[in-house]
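Below is start_2.cif, which holds mmCIF, C-alpha atoms.
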```cif
data_entry
#
loop_
_atom_site.label_atom_id
_atom_site.label_comp_id
_atom_site.auth_asym_id
_atom_site.auth_seq_id
_atom_site.Cartn_x
_atom_site.Cartn_y
_atom_site.Cartn_z
CA MET M 1 -17.91 -23.30 39.78
CA THR M 2 -14.71 -22.02 38.10
CA LYS M 3 -13.74 -20.60 34.72
CA LYS M 4 -11.29 -23.47 34.22
CA GLU M 5 -14.05 -26.04 34.75
CA ALA M 6 -16.40 -24.18 32.39
CA GLU M 7 -13.74 -24.05 29.69
CA ALA M 8 -13.11 -27.80 30.12
CA ALA M 9 -16.84 -28.54 29.68
CA VAL M 10 -17.05 -26.41 26.53
CA LYS M 11 -13.89 -27.99 25.09
CA ALA M 12 -15.06 -31.54 25.85
CA CYS M 13 -18.40 -30.98 24.11
CA ALA M 14 -16.74 -29.40 21.07
CA LYS M 15 -14.19 -32.23 20.84
CA ASN M 16 -16.91 -34.87 20.92
CA ARG M 17 -19.37 -32.92 18.72
CA LEU M 18 -21.93 -32.66 21.49
CA VAL M 19 -24.43 -29.86 22.06
CA LEU M 20 -23.90 -28.17 25.42
CA GLY M 21 -27.23 -27.17 26.94
CA MET M 22 -27.68 -24.85 29.92
CA GLY M 23 -30.50 -24.43 32.42
CA HIS M 24 -30.97 -20.70 31.90
CA GLU M 25 -34.65 -20.91 31.13
CA LYS M 26 -35.15 -17.17 31.67
CA ARG M 27 -33.81 -16.68 28.13
CA TRP M 28 -36.95 -18.48 26.87
CA GLU M 29 -39.39 -16.30 28.80
CA PRO M 30 -41.18 -14.40 25.99
CA PRO M 31 -40.51 -10.87 27.28
CA VAL M 32 -36.85 -11.70 28.00
CA ALA M 33 -36.37 -13.22 24.54
CA GLN M 34 -37.95 -10.10 23.02
CA MET M 35 -35.77 -7.85 25.18
CA LEU M 36 -32.59 -9.62 24.03
CA ALA M 37 -33.67 -9.40 20.39
CA THR M 38 -34.54 -5.70 20.72
CA ALA M 39 -31.22 -4.89 22.39
CA ARG M 40 -29.21 -6.85 19.80
CA SER M 41 -31.04 -5.15 16.93
CA GLY M 42 -29.76 -1.77 18.12
CA GLN M 43 -33.21 -0.35 18.82
CA LEU M 44 -32.23 0.48 22.41
CA GLY M 45 -29.06 2.26 21.27
CA ARG M 46 -25.89 1.88 23.30
CA ILE M 47 -26.56 -0.45 26.22
CA GLN M 48 -25.41 1.42 29.30
CA GLN M 49 -26.62 -0.55 32.30
CA VAL M 50 -28.62 -3.59 33.36
CA GLU M 51 -30.26 -4.24 36.71
CA GLY M 52 -31.82 -7.34 38.17
CA ASN M 53 -33.24 -8.77 41.39
CA PHE M 54 -34.32 -12.40 41.78
CA SER M 55 -35.30 -13.20 45.37
CA HIS M 56 -37.55 -15.48 47.41
CA ASP M 57 -37.83 -17.07 50.85
CA LYS M 58 -38.44 -20.70 49.83
CA PHE M 59 -35.11 -21.93 51.22
CA THR M 60 -35.94 -20.79 54.76
CA ALA M 61 -38.21 -23.86 55.05
CA LEU M 62 -35.61 -26.38 53.81
CA ASP M 63 -34.03 -29.02 56.04
CA ALA M 64 -30.62 -27.88 57.27
CA GLY M 65 -28.97 -30.80 55.42
CA ASN M 66 -30.25 -29.71 52.00
CA TRP M 67 -27.40 -28.93 49.57
CA ARG M 68 -28.99 -25.55 48.84
CA LEU M 69 -28.01 -24.58 52.40
CA ASN M 70 -24.44 -25.84 52.10
CA ALA M 71 -22.12 -22.83 51.91
CA SER M 72 -19.48 -24.77 49.97
CA GLU M 73 -21.88 -26.17 47.36
CA ALA M 74 -24.11 -23.08 47.07
CA PRO M 75 -21.93 -20.14 48.15
CA VAL M 76 -22.64 -16.40 48.38
CA GLY M 77 -26.31 -16.14 49.27
CA GLY M 78 -28.62 -16.78 46.33
CA MET M 79 -26.03 -16.61 43.57
CA THR M 80 -26.17 -20.28 42.55
CA ALA M 81 -29.95 -20.42 42.95
CA THR M 82 -31.20 -17.19 41.38
CA GLY M 83 -28.45 -14.65 40.78
CA ILE M 84 -26.65 -16.85 38.23
CA HIS M 85 -29.60 -16.41 35.84
CA LEU M 86 -29.33 -12.62 36.08
CA THR M 87 -25.58 -12.60 35.43
CA ASP M 88 -26.23 -14.84 32.41
CA LEU M 89 -28.50 -12.15 30.96
CA ALA M 90 -26.01 -9.44 31.87
CA THR M 91 -23.14 -11.07 29.99
CA ALA M 92 -25.46 -11.89 27.08
CA LEU M 93 -26.09 -8.14 26.75
CA LEU M 94 -22.72 -6.65 27.72
CA GLY M 95 -20.15 -9.34 26.90
CA LYS M 96 -16.95 -10.14 28.71
CA PRO M 97 -16.75 -9.00 32.36
CA ARG M 98 -13.92 -6.71 33.47
CA ASP M 99 -14.17 -6.59 37.27
CA LEU M 100 -16.69 -6.76 40.08
CA ARG M 101 -17.31 -6.34 43.77
CA VAL M 102 -19.78 -8.04 46.09
CA SER M 103 -21.66 -7.50 49.33
CA CYS M 104 -22.97 -10.65 51.01
CA GLU M 105 -24.61 -10.43 54.44
CA SER M 106 -26.76 -12.43 56.84
CA LEU M 107 -29.57 -10.04 57.74
CA SER M 108 -32.81 -11.99 58.16
CA SER M 109 -32.02 -15.68 58.56
CA THR M 110 -29.51 -18.29 59.70
CA ILE M 111 -28.75 -19.44 56.13
CA PRO M 112 -25.02 -20.29 56.31
CA GLN M 113 -23.98 -18.73 53.00
CA GLY M 114 -25.71 -15.44 53.80
CA ASP M 115 -29.13 -14.30 52.71
CA THR M 116 -28.63 -10.90 51.07
CA THR M 117 -26.25 -10.44 48.15
CA SER M 118 -25.56 -7.61 45.73
CA VAL M 119 -23.03 -7.54 42.90
CA HIS M 120 -21.69 -4.65 40.79
CA ILE M 121 -20.00 -5.68 37.53
CA ARG M 122 -18.09 -3.67 34.93
CA PHE M 123 -17.55 -4.96 31.40
CA HIS M 124 -14.62 -4.69 29.00
CA GLY M 125 -16.77 -3.08 26.32
CA GLY M 126 -18.25 -0.58 28.76
CA GLY M 127 -21.47 -0.68 30.70
CA THR M 128 -22.33 -2.03 34.14
CA ALA M 129 -24.63 -4.54 35.77
CA TYR M 130 -26.15 -4.44 39.23
CA VAL M 131 -27.56 -7.78 40.41
CA SER M 132 -29.13 -8.56 43.78
CA ALA M 133 -30.58 -11.71 45.31
CA SER M 134 -32.11 -12.44 48.68
CA LEU M 135 -33.02 -15.82 50.18
CA ALA M 136 -35.08 -14.25 52.94
CA MET M 137 -37.75 -12.02 51.39
CA PRO M 138 -41.05 -12.54 49.56
CA PHE M 139 -40.69 -13.44 45.88
CA VAL M 140 -39.60 -10.79 43.42
CA SER M 141 -38.04 -11.18 39.99
CA ARG M 142 -37.13 -8.16 37.89
CA PHE M 143 -34.69 -7.50 35.05
CA ALA M 144 -34.16 -4.18 33.29
CA VAL M 145 -31.91 -2.97 30.49
CA TYR M 146 -31.17 0.69 29.84
CA GLY M 147 -29.86 2.06 26.56
CA SER M 148 -29.25 5.45 25.00
CA ARG M 149 -32.43 5.19 22.91
CA GLY M 150 -34.72 3.15 25.12
CA TRP M 151 -35.24 0.91 28.12
CA ILE M 152 -37.20 -2.21 29.08
CA ASP M 153 -38.20 -3.38 32.58
CA ILE M 154 -39.55 -6.95 33.01
CA ARG M 155 -41.25 -8.12 36.22
CA ASP M 156 -42.61 -11.59 36.96
CA LYS M 157 -46.13 -11.67 38.41
CA ALA M 158 -45.42 -14.88 40.34
CA HIS M 159 -42.77 -17.52 40.95
CA VAL M 160 -42.01 -19.87 38.05
CA GLU M 161 -43.50 -22.80 40.03
CA ALA M 162 -46.93 -21.26 39.44
CA PRO M 163 -46.37 -18.77 36.60
CA ALA M 164 -48.79 -15.92 36.08
CA GLY M 165 -47.03 -14.00 33.32
CA TRP M 166 -45.11 -10.73 33.30
CA VAL M 167 -45.57 -6.98 33.42
CA VAL M 168 -43.30 -5.20 30.93
CA THR M 169 -42.71 -1.46 31.11
CA SER M 170 -40.72 0.21 28.33
CA ALA M 171 -39.99 3.47 26.61
CA MET M 172 -38.19 4.58 23.46
CA ALA M 173 -36.63 7.98 22.84
CA GLY M 174 -39.35 10.56 22.20
CA GLY M 175 -42.15 8.11 22.95
CA PRO M 176 -44.45 7.37 25.87
CA ILE M 177 -43.89 4.87 28.68
CA VAL M 178 -45.78 1.72 27.71
CA VAL M 179 -47.01 -0.98 30.11
CA SER M 180 -47.86 -4.45 28.76
CA ASP M 181 -49.17 -7.67 30.31
CA ILE M 182 -47.63 -10.86 28.93
CA PRO M 183 -49.41 -14.20 29.55
CA PRO M 184 -47.70 -17.23 31.14
CA ALA M 185 -45.45 -19.49 29.07
CA GLU M 186 -43.35 -22.64 29.53
CA PRO M 187 -39.71 -21.52 29.30
CA VAL M 188 -38.25 -24.65 30.93
CA LYS M 189 -39.94 -26.84 28.30
CA ASP M 190 -38.99 -24.44 25.52
CA ASN M 191 -35.33 -24.61 26.56
CA LEU M 192 -35.43 -28.42 26.39
CA VAL M 193 -37.12 -28.27 22.97
CA ALA M 194 -34.39 -25.91 21.72
CA PHE M 195 -31.77 -28.32 23.08
CA ALA M 196 -33.41 -31.26 21.28
CA ARG M 197 -33.64 -29.32 18.01
CA ALA M 198 -29.97 -28.39 18.28
CA ILE M 199 -29.03 -32.04 18.85
CA ARG M 200 -30.94 -32.93 15.68
CA GLY M 201 -29.02 -30.26 13.78
CA GLU M 202 -32.12 -28.21 13.00
CA VAL M 203 -30.96 -24.97 14.66
CA ALA M 204 -28.01 -23.76 16.71
CA TYR M 205 -28.46 -23.76 20.48
CA PRO M 206 -28.78 -20.05 21.40
CA ILE M 207 -26.58 -20.03 24.53
CA THR M 208 -22.94 -20.29 23.48
CA GLY M 209 -19.92 -21.79 25.19
CA GLU M 210 -18.51 -18.27 25.43
CA ASP M 211 -21.64 -17.20 27.33
CA LEU M 212 -21.11 -20.06 29.78
CA VAL M 213 -17.43 -19.26 30.35
CA ASN M 214 -18.17 -15.55 30.85
CA ASN M 215 -20.95 -16.30 33.34
CA ILE M 216 -18.96 -18.82 35.37
CA SER M 217 -16.03 -16.37 35.36
CA ILE M 218 -18.41 -13.92 37.02
CA LEU M 219 -19.54 -16.53 39.56
CA GLU M 220 -15.95 -17.45 40.44
CA ALA M 221 -15.05 -13.78 40.93
CA ILE M 222 -18.19 -13.24 43.04
CA ILE M 223 -17.14 -16.06 45.36
CA ALA M 224 -13.63 -14.57 45.61
CA SER M 225 -14.89 -11.03 46.30
CA ALA M 226 -17.28 -12.23 49.00
CA ALA M 227 -14.45 -14.14 50.68
CA ARG M 228 -12.40 -10.91 50.72
CA ASP M 229 -15.13 -8.73 52.25
CA GLY M 230 -16.15 -7.09 49.00
CA GLU M 231 -12.74 -6.48 47.50
CA VAL M 232 -12.76 -5.62 43.77
CA VAL M 233 -11.80 -8.70 41.74
CA LYS M 234 -10.47 -8.39 38.20
CA LEU M 235 -11.44 -11.00 35.63
#
```
Spit out the file's structure as structure tokens when you get a sec.
Amino acid sequence: MTKKEAEAAVKACAKNRLVLGMGHEKRWEPPVAQMLATARSGQLGRIQQVEGNFSHDKFTALDAGNWRLNASEAPVGGMTATGIHLTDLATALLGKPRDLRVSCESLSSTIPQGDTTSVHIRFHGGGTAYVSASLAMPFVSRFAVYGSRGWIDIRDKAHVEAPAGWVVTSAMAGGPIVVSDIPPAEPVKDNLVAFARAIRGEVAYPITGEDLVNNISILEAIIASAARDGEVVKL
């Protein structure tokens, strides 16, 4: 939940020569993996902005004693349930966060940590991310990256519990807008396979300790900003 704790986890694994795996299975979704590769290759040009929304209403049916509805264990709306995966992708694309501000409100439920959250993040290397998450609306999952030479928008057709694939819309400078349908995959399994292969020394695990520290730094600052009624928090 804090940068200090994340750094301790990374250091402990490095000291003991252990592979640190992370449950960010969205990175193994085929269109997301392709988006990251395309952005890193430079084909999208200068990355200017990313946007994401990952929302659902599944928690409205949970028992009040469930930890997912505990404001101290799962603070700031859907951040620890859904938003954390979007900020992981944001820092993977834009690097170290600079500052952020948050809006967290209770608009459509009695969920104690709030049900509607939006975050605006600026990064040290330039560029911004806008991430939103609701715990009280029908399912939607979308992530988009915008660059000087192209953009990619990825939308899930259904919740990961019953995957139906993705719709990907994209465009490159001077070209048409292209819409593609991507069939379902098994990103949770693929993450675990990548973890196992890294343990065996076959390949490096693709999510780095730096990625983890950057993302948890964002989460810690989000919690602080929400507690201060949306005040800008520097990282």
Point-to-point distance from CA of Ser55 (chain M) to CA of Gln43 (chain M), Å rounded to tenths: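 Computing the Euclidean distance for CA of Ser55 (chain M) and CA of Gln43 (chain M) yields 29.6 Å.
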M:Gln49, M:Glu231, M:Gly21, M:Ala136 ranked by distance to Ala204 (chain M), top pick (using only C-alpha atoms):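 The answer is M:Gly21, which sits nearest to Ala204 (chain M).
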Nearby residues (only C-alpha atoms) at most 9 Å from Ser148 (chain M), same-chain spacing under 5 positions excluded, as an MDAnalysis selection string: chainID M and resid 44:48 173
Counting all atoms listed in the file, the residue of M:Asn191, M:Thr128, M:Thr38, M:Ser180 that sits nearest Gly95 (chain M):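 Among the listed residues, M:Thr128 lies closest to Gly95 (chain M).
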Residues returned when the PyMOL selection byres ((chain M and resi 91) around 12) runs on this file, as a ChimeraX atom specification: /M:36,47,49-51,84-90,92-98,121-131,145,207-208,210-219
Chain and number of each residue from the PyMOL selection byres ((chain M and resi 133) around 10), as a PyMOL selection string: chain M and resi 52-56+76-79+81-84+86+104+115-119+131-132+134-137+140-141
